[in-house]
Amino acid sequence: MSNIWCCGRASDGQLGVVGNGSVLELNHLNIKGVSGDNVRNICGSKRSTVVLTRDGLLYTAGQVEVLGRPGDNTPPAIVSSLEVFTIKSVACGEDHTVGVTSSGAVCSWGFNSQGQCGHPPPQFVQKPTLLRPLIGVKVIHVSCGARHTLALCEGAEVFSWGDNTFGQLGCNSEQKLCYTPSRVTALDGVPIIQISAGARHNGVLTVSGHLFIWGSNSFGQLGLGDLMRRPTPRLVHLMLSHCIVSLCCGEHHTAVLTAKGAVFTWGDGNYGQLGHANTSQQIVPRQVQELMGDKIDAISSGYNHVIAMSLSREIDDVTAKLYGWGSCSSGQLGVGRVVHNIPTPTLFPDIWTDADFFLGDIYCGGEQTFARFSKQNKSLFCNTRSCDLSEEKFASTLADLEELNDPTQLVTYITRLFGNVANINSLFVPHKVRTKLGEGSGIDMTRLRKTMAQLRTIKHAEYHKAISGMLEHHVIPHLPSDIVTQEQLRVFCILPEFPSLCYPKDFVPQFSQALLELPEQHLKALRNWWSGYEVSFFEALISVFKRSVYRSLVNRLHDPVENNKRLKNMEKCLKVLALLNEVNSNKEIVPYNAFYIHELTDQLDLEEDYRNWIEHREVVFCKYPFVYTAEAKAKLLKIDANQQMMKTVQSIAVNQFLNRGQISINPFLELKVRRDHLILDTLRQIQEYESRPYLLKKPLKVIFEGEEGYDAGGVKKELFLLLMKELLSPDYGMFSVDPESRFIWFSEFSFEHNSNYHLIGVLCGLAIYNSTIVDINFPPALYKKLLKKSVTLNDFAKLHPVQANTLRQLLAYNEPDFEETMSLTFSVMRDFFGEVEEIEIVPGGREKSVTVENRHEYVKAYVDHYMNKVIEAQYEGFAHGFLYVAGGKVFQAFHSEELMHMVSGMQDFNFKDLESITEYQNGYHPEHPVIKIFWQMFHEMDLGTKKKFLIFLTGSDRIPIHGIHSIKIIIQKVKDNTRLPVAHTCFNVLDLPPYPNKEIMEEKLLTAIMNTEGFGLV
């Protein structure tokens, strides 16, 4: 007994029954020698049926003209001319049939009046004939409309041919028919896995379950909300919230199945084929409500009817339900009678009573229904392009091919996987992953990384040369620019991981160009994807473009034309790095210094780059300052300062010459101060320059009244230290210290005049311009504000970690009792010298409750209140003073943390490096016993004592942004070992007597580092 059951139209013998107009109930389809276990697919038109077996044989029955074989129309018989091939896929149109061989070749037969067979005239093709235009293209699936054909290739390209009256070929052409297969170019790069053709419209499904559709729309079968035909593929936006796993196009309707087992239909409903309990047409997708109690596993559609299968699985049992709805004019719903329409899903009679057989697959012809039963509880039918790159399978295949030591086979395998943009876009997407705007790329980055690591192990030179050619000719030129779905963007995430993108030829500039040409909305999507990267993936992405920049930088060319091309290629990569830096600035995925190209300092003339920048030349690194190290930026700042100081001095000289005919210029900004009037004297002299701020650009020279001392840097440092110590004193109340972070911030209750805040700002600006460290522990948020960047919750957390943690808990709380539990309004309480006040953080804040919906607004307002509003006057005073001195074009090149380190130095360094940078004089050397004792004792000190020693010796416990090697330390021998060690802070020189033992040295040194203020000459 056959295990293939069928019902429906049989007037041409298409169901293997002679003389019957219709089979009204499920009945056996008898095919000699073929059982249900051996059937891969069944398809048909109104008048014919084609059965494809697992071993690749085709059996046909029905309309004589389209059998593709001689003989009777019934029972189903083998198409003998195709026995030399193994057929893998087959489809039927109204009067034509198309098959695909295991090698990917396509053959067709039947009526060809509109070119639907893909052959030039005549209008009828009697026997299966290969399509020559597709030779060399590996097709894996086909689908037929009434008079047109679609083909899906291994590389995810879609071809079409035949009738184009309604734009069903998707080529946006006015040509009414096409005899030659042509690629649907609008889908280039889209990872298509399934195709389906209706009578005059088509749909294709992507790897992420998105649906594209085009062609006739006279019944709303495109689901786009109107009745306008579409000559090119359009994304069905109304289905983006669902992951579609199966697609069926009927004559004038469309049905889809989602990953959750829901069925949606739209289009013509005249026969009830939409299953919505009526015969109305539907121009937008609508779920079939009657099926909501079941999880549907498979659907299939005829011209005007739909069937659906539900499998209920328990431990030892599988229960199957088969539903049908729509036209039953030929008995195709198996209810035992002819009915014009059945608009509601109806169960087929339960005819499978043998517990040894399972309902395996369902199929529809034009007006027929087929069901396959099998002893194996699994589906054999597959009309989906497989794109799952199994990690284990890939590794074993790669190992087998490498063992053969034949690069040609290796190249063929890798080219099949990566030689096409659409294929690349589908390779690393886990099964049933759905991509929506802002939700990520859907790429399994871990699997991608492992796959690429395996490719890096391949050593064959021929392989690398061939794969480089593949990228050059078949991938890079076809990177998408006309984007129809964000799934096309995946290649921009995958290719940077591909080893051959950079070696042996560098394709990164061309890749960068394609990326930069993407429309802004799609660049925004890419930035969103990048923002979700893990640290290692983001670092690797940055490195790809940094390496390309460096290669272009070192490969200078003598040919001006080629050299200009090199510079432009370099800038393309820099522009992509700018996009990545923008993402990182918002998300802080990696440290800002991950963008540094350390080699720039050696390879580039900074002064020349600065001049090019000022003169608005094309390719300059100053336009992309994030690639410069902090040390390089500090040099740029010095270059800029020197330029400004030079202009200042020249300007003064010219004015003096014109006014008095003589030149007397003090090249320094001189500050003369008394130790007991530091703030007053400094403030008075700074104010004298209010009308001439350019004078503050001159090098600073400090003189303490009544003291001798040449200011080689140390005197400046001492002035800054003493001023900051006094200004930051609690007596002034200008700043407060957070007990957790230890950062200082402006006090909202300060009564000090803004001139003091202005002075501190000026001092910080002068410190930057004079390469002097100021001991002031401001948080990075201050420097972000100076750079005109918004302060966020993350910045607030660095300053006030406890309060920020409370805010984050507020954002994370999702229980229904949110308002009752939090009981907050848009106001804060403050203790103003013993009196508690309620302060609104937005207008009307006392009356505005914090809810789940507005809690992000509350947190933003809270941060803004404490970081901006309540300290506005204090900050403005500081900022005016700071920018008064340090503001300028180069200033904007710094990252906020770099600025922080420029002002107050870096605390994170290795004290052991001090020994390696120290020089010796007057008889001392690294191996001298006294020096050995000194360093032994120093390395045994605790961190606090080491910092005190550094203050004693250099005037600060921090090091310049240039690094510890920018400090010059000298230890010199003095004879009198009864004296304490003496530090000449101006020169970082330590007078160290030759103490006889470690104990005495330790006692003397620890006493000395409790340093009194004052400087003397060496």
# chains A, B, ... in the order shown; residues from 1 in each chain; ligands from 1
call {"tool": "closest_atom_pairs", "arguments": {"of": "range 162-187 of chain A", "to": "range 200-209 of chain A", "cutoff": "9 Å", "atoms": "only C-alpha atoms", "output": "Markdown table"}}
result
| residue | atom | partner | partner_atom | distance |
| --- | --- | --- | --- | --- |
| A:Asp163 | CA | A:Arg200 | CA | 8.4 |
| A:Asn164 | CA | A:Arg200 | CA | 8.4 |
| A:Thr165 | CA | A:Arg200 | CA | 8.4 |
| A:Phe166 | CA | A:Arg200 | CA | 6.7 |
| A:Gly167 | CA | A:His201 | CA | 8.1 |
| A:Gln168 | CA | A:His201 | CA | 5.3 |
| A:Leu169 | CA | A:Asn202 | CA | 8.4 |
| A:Gly170 | CA | A:Asn202 | CA | 8.6 |
call {"tool": "select_by_dssp", "arguments": {"residues": "range 280-318 of chain A", "states": "strand (DSSP E or B)", "output": "list of chain:residue names"}}
result
A:Gln282, A:Ile283, A:Val284, A:Pro285, A:Arg286, A:Gln287, A:Ala298, A:Ile299, A:Ser300, A:Ser301, A:His305, A:Val306, A:Ile307, A:Ala308, A:Met309, A:Ser310, A:Leu311, A:Ser312, A:Arg313, A:Val318
call {"tool": "residues_around", "arguments": {"residues": "Lys948 in chain A", "least_positions_apart": "3", "cutoff": "10 Å", "atoms": "only C-alpha atoms", "output": "mmCIF file with N, CA, C and O atoms, in the first residue's frame"}}
result
data_model
loop_
_atom_site.group_PDB
_atom_site.id
_atom_site.type_symbol
_atom_site.label_atom_id
_atom_site.label_comp_id
_atom_site.auth_asym_id
_atom_site.auth_seq_id
_atom_site.Cartn_x
_atom_site.Cartn_y
_atom_site.Cartn_z
ATOM 1 N N LEU A 943 53.213 52.565 49.293
ATOM 2 C CA LEU A 943 52.856 53.457 48.190
ATOM 3 C C LEU A 943 52.766 54.912 48.649
ATOM 4 O O LEU A 943 53.238 55.824 47.951
ATOM 5 N N GLY A 944 52.184 55.139 49.816
ATOM 6 C CA GLY A 944 52.049 56.502 50.316
ATOM 7 C C GLY A 944 53.386 57.182 50.513
ATOM 8 O O GLY A 944 53.563 58.365 50.178
ATOM 9 N N THR A 945 54.356 56.462 51.055
ATOM 10 C CA THR A 945 55.683 57.030 51.295
ATOM 11 C C THR A 945 56.399 57.300 49.973
ATOM 12 O O THR A 945 57.091 58.314 49.832
ATOM 13 N N ILE A 951 56.914 63.801 45.710
ATOM 14 C CA ILE A 951 56.585 65.221 45.958
ATOM 15 C C ILE A 951 57.839 65.953 46.433
ATOM 16 O O ILE A 951 58.141 67.061 45.986
ATOM 17 N N PHE A 952 58.562 65.337 47.355
ATOM 18 C CA PHE A 952 59.803 65.905 47.895
ATOM 19 C C PHE A 952 60.809 66.199 46.784
ATOM 20 O O PHE A 952 61.440 67.260 46.753
ATOM 21 N N LEU A 953 60.912 65.292 45.819
ATOM 22 C CA LEU A 953 61.935 65.411 44.784
ATOM 23 C C LEU A 953 61.489 66.260 43.604
ATOM 24 O O LEU A 953 62.265 67.066 43.075
ATOM 25 N N THR A 954 60.224 66.094 43.189
ATOM 26 C CA THR A 954 59.778 66.733 41.936
ATOM 27 C C THR A 954 58.702 67.786 42.146
ATOM 28 O O THR A 954 58.358 68.505 41.209
ATOM 29 N N GLY A 955 58.126 67.844 43.342
ATOM 30 C CA GLY A 955 57.053 68.795 43.590
ATOM 31 C C GLY A 955 55.671 68.219 43.351
ATOM 32 O O GLY A 955 54.668 68.900 43.558
ATOM 33 N N SER A 956 55.577 66.970 42.910
ATOM 34 C CA SER A 956 54.265 66.351 42.660
ATOM 35 C C SER A 956 54.381 64.845 42.803
ATOM 36 O O SER A 956 55.455 64.262 42.586
ATOM 37 N N ASP A 957 53.245 64.219 43.177
ATOM 38 C CA ASP A 957 53.265 62.748 43.264
ATOM 39 C C ASP A 957 52.738 62.115 41.981
ATOM 40 O O ASP A 957 52.445 60.927 41.941
ATOM 41 N N LEU A 1006 63.468 59.728 55.463
ATOM 42 C CA LEU A 1006 62.084 59.896 55.907
ATOM 43 C C LEU A 1006 61.895 61.238 56.609
ATOM 44 O O LEU A 1006 60.823 61.840 56.541
ATOM 45 N N ILE A 1009 61.823 64.015 53.713
ATOM 46 C CA ILE A 1009 60.681 64.150 52.797
ATOM 47 C C ILE A 1009 59.525 64.894 53.429
ATOM 48 O O ILE A 1009 58.552 65.220 52.742
ATOM 49 N N MET A 1010 59.623 65.174 54.737
ATOM 50 C CA MET A 1010 58.665 66.095 55.338
ATOM 51 C C MET A 1010 59.174 67.497 54.993
ATOM 52 O O MET A 1010 59.621 68.270 55.829
ATOM 53 N N ASN A 1011 59.170 67.770 53.711
ATOM 54 C CA ASN A 1011 59.889 68.900 53.131
ATOM 55 C C ASN A 1011 59.293 70.245 53.522
ATOM 56 O O ASN A 1011 58.095 70.424 53.521
#
call {"tool": "closest_residue", "arguments": {"among": "A:Lys638, A:Phe878, A:Gln644, A:Lys672", "to": "His758 in chain A", "atoms": "only C-alpha atoms"}}
result
A:Phe878
call {"tool": "residues_around", "arguments": {"residues": "Phe882 in chain A", "least_positions_apart": "3", "cutoff": "10 Å", "atoms": "only C-alpha atoms", "output": "JSON, numbers by chain"}}
result
{"A": [757, 758, 759, 760, 761, 762, 763, 764, 765, 766, 767, 768, 786, 876, 877, 878, 879, 885, 886, 887]}
call {"tool": "closest_residue", "arguments": {"among": "A:Ala873, A:Val51, A:Ala861, A:Val84", "to": "Met734 in chain A", "atoms": "only C-alpha atoms"}}
result
A:Ala873
call {"tool": "select_by_dssp", "arguments": {"residues": "range 735-871 of chain A", "states": "alpha helix (DSSP H)", "output": "JSON, numbers by chain"}}
result
{"A": [754, 755, 756, 757, 758, 759, 760, 761, 762, 763, 764, 765, 766, 767, 768, 769, 780, 781, 782, 783, 784, 785, 786, 793, 794, 795, 796, 797, 798, 799, 801, 802, 803, 804, 805, 806, 807, 808, 809, 810, 811, 812, 818, 819, 820, 821, 822, 855, 856, 857, 858, 859, 860, 861, 862, 863, 864]}
call {"tool": "residues_around", "arguments": {"residues": "Ala804 in chain A", "least_positions_apart": "4", "cutoff": "10 Å", "atoms": "only C-alpha atoms", "output": "list in words"}}
result
Leu793, Asn794, Asp795, Phe796, Ala797, Lys798, Leu799, His800, Arg808, Gln809, Leu810, Val859 and Val863 of chain A
call {"tool": "residues_around", "arguments": {"residues": "Thr258 in chain A", "least_positions_apart": "2", "cutoff": "12 Å", "atoms": "only C-alpha atoms", "output": "PyMOL selection string"}}
result
chain A and resi 205+208-211+239-247+255-256+260-265+287-288+295-299+432-434
call {"tool": "closest_residue", "arguments": {"among": "A:Thr825, A:Gly223, A:Asn555, A:Trp214", "to": "Gly844 in chain A", "atoms": "only C-alpha atoms"}}
result
A:Thr825
call {"tool": "residues_around", "arguments": {"residues": "Leu401 in chain A", "least_positions_apart": "6", "cutoff": "12 Å", "atoms": "only C-alpha atoms", "output": "MDAnalysis selection string"}}
result
chainID A and resid 394:395 407:414 458 460 463
call {"tool": "write_last_selection", "arguments": {"atoms": "C-alpha atoms", "output": "JSON list (two decimals), in the first residue's frame"}}
result
[["chain", "number", "residue", "atom", "x", "y", "z"],
["A", 394, "PHE", "CA", 33.77, 23.33, 8.84],
["A", 395, "ALA", "CA", 36.77, 22.31, 10.95],
["A", 407, "PRO", "CA", 44.99, 24.26, -2.73],
["A", 408, "THR", "CA", 42.53, 24.10, -5.63],
["A", 409, "GLN", "CA", 39.96, 22.09, -3.69],
["A", 410, "LEU", "CA", 40.51, 24.29, -0.65],
["A", 411, "VAL", "CA", 39.91, 27.42, -2.73],
["A", 412, "THR", "CA", 36.76, 25.91, -4.25],
["A", 413, "TYR", "CA", 35.32, 25.16, -0.82],
["A", 414, "ILE", "CA", 36.11, 28.57, 0.69],
["A", 458, "ILE", "CA", 46.02, 27.88, 6.17],
["A", 460, "HIS", "CA", 49.26, 27.68, 1.11],
["A", 463, "TYR", "CA", 45.29, 29.64, -1.59]]
call {"tool": "atom_distance", "arguments": {"atom1": "CA of Gln332 in chain A", "atom2": "CA of Val23 in chain A"}}
result
7.6 Å
call {"tool": "closest_residue", "arguments": {"among": "A:Gln892, A:Gln221, A:Asn805, A:Ser329", "to": "Lys788 in chain A", "atoms": "only C-alpha atoms"}}
result
A:Gln892
